[in-house]
Amino acid sequence: MKNKVVVVGGGMVGAAMALKLAKQGAQVTVLERHLIDAQEVLANAQIDIRVSAINRFSESLLDELGAMPLLRDSRIAPYHQLEAYEQPNNTLLFDREEVSQTHLGHLIENKLIQASLWAQFTEHSIEVEQVKSAPVALEQNIDSITLHYEDKAYQADLIIAADGGRSQIRQLAGIGVTGWQYQQACMGILIKLDAPQQYKTWQQFKPSGPIAFLPMQAPYANLIWYQDGAKLASLQSFSNEQLKEQILEHFFELPGDFTVEQKALFPLARQHANQYSQGRLVLVGDAAHTINPLAGQGVNLGFKDVAALAECLEPLEDMGSTQALKAYERKRRGDNLAMMSMMDACYFGFSNEVAPLKLLRNGVLKIADQAGPLKRKVLEHAMGW
Ligand SMILES: Cc1cc2nc3c(=O)[nH]c(=O)nc-3n(C[C@H](O)[C@H](O)[C@H](O)COP(=O)(O)OP(=O)(O)OC[C@H]3O[C@@H](n4cnc5c(N)ncnc54)[C@H](O)[C@@H]3O)c2cc1C
């Protein structure tokens with residue numbers, strides 16, 4: 001008999017998880033708050049302000065799941081270089097040539113990634129149901145798990161919580177988190193550029209917070225501006241023309257004139273679930289861990305969860321096996337924690353004007369740029385290899 005799996009949350013990670021397990025023979029139902037019409041989203045010219053830097057590991061997963069060909073036919077922007085610096089004379093530049101690759105990754109709108117995965121659901125007999133209310137109870141016994149809503153219940157061999165950082169399923173199960181809210185928030189700004197296609201994504205560290213340039217398919221790009229939350233909130237009330245003036249004062253390296261199209265504010269939190277599974281319930285993606293988006297790794301970690309969980313469940317007759325779910329946690333917890341800690345080292349290391357630290361970090365960037373094999377290792381890690 002087929003394993004019954006319920007995935008709660010059909011975002012990028014939940015949708016990939018659903019497909020991966022359906023391909024492994026499970027009968028999958030996705031419960032999602034906001035339904036989408038995948039074909040309509042893929043055909044829509046409206047640009048999503050939320051974009052993700054998708055590394056090579058995630059690209060191969062999206063390829064395997066049939067999503068990548070749709071994305072290549074839609075809007076996608078490969079990047080060839082990745083640059084980080086505090087002062088322009090001390091840059092750390094990663095280049096595709098150092099790893100003999102055509103590209104280091106792609107910048108892709110989140111809604112396109114989600115839609116390219118949803119577009120595969122019918123072929124794999126994945127059912128999608130909309131849930132409008134919060135779940136009220138989670139009931140487990142030795143060979144099944146049931147998620148209850150006011151008006152309906154879903155019984156399964158395995159329930160996967162992929163319902164994001166504020167996971168109701170995680171809360172319902174009483175799984176706690178450790179973490180904190182960062183003092184900084186970030187603003188995403190979609191701009192329309194008067195410049196040819198750009199292939200370098202860069203980030204400049206400033207004591208008030210980093211700024212980053214993410215080139216999307218021309219003529220668009222995304223600017224990410226990290227700062228004290230109150231300052232950003234005041235910027236949000238600016239008109240697009242006023243915001244452009246502010247951008248020109250802070251972002252020196254933009255490749256051409258531009259217009260501001262959209263802006264959105266995101267709070268920044270670090271959060272790690274105290275356990276990734278409980279009986280026949282398991283957490284993936286942001287439901288298990290949210291990370292400072294400094295190096296654009298959140299969904300890439302989520303896709304690694306998907307691959308690891310699927311691998312642990314692959315040979316099993318019972319996908320709700322507690323041992324397999326614990327094995328998944330052992331595979332992923334360390335990696336997720338290491339990436340979170342690295343982001344925190346960058347966040348705290350660069351968010352100050354302490355003179356010796358400033359000297360040290362610029363020295364580190366300079367040395368890192370010339371570090372040969374070590375630099376290559378860091379680059380491979382960023383690419384998800
Ligand atoms: C500014 C910013 C920039 C980022 N840049 C990058 C980047 O460049 N690269 C990268 O890898 N990561 C990036 N990230 C992180 C990335 O966006 C997240 O890690 C990713 O969205 C997590 O995906 P998810 O599917 O786990 O969760 P989500 O994207 O939060 O999706 C959760 C889904 O569950 C649904 N849902 C929620 N609650 C329920 C419920 N109770 N019942 C049913 N459905 C529910 C939601 O509607 C949604 O569809 C960035 C994050 C931010 C804030």
# chains A, B, ... in the order shown; residues from 1 in each chain; ligands from 1
>>> residues_around(residues="A:Pro88", least_positions_apart="4", cutoff="10 Å", atoms="only C-alpha atoms", output="PDB file with N, CA, C and O atoms, in the first residue's frame")
ATOM      1  N   ALA A  84      32.005  40.490  -2.088  1.00  0.00           N
ATOM      2  CA  ALA A  84      31.694  41.027  -0.756  1.00  0.00           C
ATOM      3  C   ALA A  84      32.810  41.986  -0.371  1.00  0.00           C
ATOM      4  O   ALA A  84      33.989  41.698  -0.610  1.00  0.00           O
ATOM      5  N   LEU A  92      36.392  40.770  -1.716  1.00  0.00           N
ATOM      6  CA  LEU A  92      36.502  39.314  -1.822  1.00  0.00           C
ATOM      7  C   LEU A  92      35.613  38.944  -3.000  1.00  0.00           C
ATOM      8  O   LEU A  92      34.391  39.099  -2.949  1.00  0.00           O
ATOM      9  N   GLN A 204      27.835  45.005   0.092  1.00  0.00           N
ATOM     10  CA  GLN A 204      28.781  45.867   0.805  1.00  0.00           C
ATOM     11  C   GLN A 204      28.370  45.914   2.276  1.00  0.00           C
ATOM     12  O   GLN A 204      27.207  46.181   2.600  1.00  0.00           O
ATOM     13  N   GLU A 253      27.440  51.656  -6.582  1.00  0.00           N
ATOM     14  CA  GLU A 253      27.930  50.830  -7.682  1.00  0.00           C
ATOM     15  C   GLU A 253      26.858  50.426  -8.687  1.00  0.00           C
ATOM     16  O   GLU A 253      27.039  49.474  -9.427  1.00  0.00           O
TER      17      GLU A 253
END
>>> residues_near_ligand(ligand="ligand 1", cutoff="6 Å", atoms="only C-alpha atoms and all ligand atoms", output="PyMOL selection string")
chain A and resi 8-14+31-34+52-54+131+134+162-165+167-168+266+285-287+293+296-300+302
>>> atom_distance(atom1="atom CA of A:Tyr199", atom2="atom CA of A:Ala221")
10.9 Å
>>> select_by_dssp(residues="stretch 121-308 of chain A", states="helix (DSSP H, G or I)", output="ChimeraX atom specification")
/A:122-124,168-172,229-236,240-250,285-287,293-295,298-308
>>> closest_atom_pairs(of="stretch 29-87 of chain A", to="stretch 205-217 of chain A", cutoff="7 Å", atoms="only C-alpha atoms", output="Markdown table")
| residue | atom | partner | partner_atom | distance |
| --- | --- | --- | --- | --- |
| A:Arg75 | CA | A:Gln217 | CA | 6.1 |
| A:Ile76 | CA | A:Gln217 | CA | 5.7 |
| A:Ala77 | CA | A:Gln217 | CA | 4.8 |
| A:Tyr85 | CA | A:Phe205 | CA | 6.2 |
| A:Glu86 | CA | A:Phe205 | CA | 4.8 |
>>> residues_around(residues="stretch 119-126 of chain A", least_positions_apart="4", cutoff="6 Å", atoms="only C-alpha atoms", output="list in words")
Val28, Thr29, Ala38 and Ala115 of chain A
>>> write_last_selection(atoms="C-alpha atoms", output="tab-separated table (two decimals), in the first residue's frame")
chain	number	residue	atom	x	y	z
A	28	VAL	CA	0.70	13.12	-1.24
A	29	THR	CA	-1.77	15.81	-0.22
A	38	ALA	CA	0.72	27.69	-11.57
A	115	ALA	CA	4.68	27.80	-9.50
>>> closest_residue(among="A:Ser144, A:Thr201, A:Gln181, A:Ser277", to="A:His80", atoms="only C-alpha atoms")
A:Thr201
>>> residues_around(residues="A:Pro255", least_positions_apart="4", cutoff="9 Å", atoms="only C-alpha atoms", output="number ranges by chain")
A: 193-196, 198
>>> closest_residue(among="A:Ala338, A:Leu70, A:Leu235, A:Gly256", to="A:Gln197", atoms="only C-alpha atoms")
A:Gly256
>>> atom_distance(atom1="atom CA of A:Glu311", atom2="atom CA of A:Val6")
17.7 Å
>>> residues_around(residues="A:Leu281", least_positions_apart="3", cutoff="8 Å", atoms="only C-alpha atoms", output="list in words")
Ile145, Leu158, Ile159, Ile160, Ala161, Ser277, Gln278 and Gly320 of chain A
>>> atom_distance(atom1="atom CA of A:His250", atom2="atom CA of A:Phe238")
15.6 Å
>>> select_by_dssp(residues="stretch 46-137 of chain A", states="strand (DSSP E or B)", output="ChimeraX atom specification")
/A:51-55,77-79,81-85,91-95,105-109,127-130,137
>>> closest_residue(among="A:Arg72, A:Arg96, A:His381, A:Lys200", to="A:Ser116", atoms="only C-alpha atoms")
A:Arg72
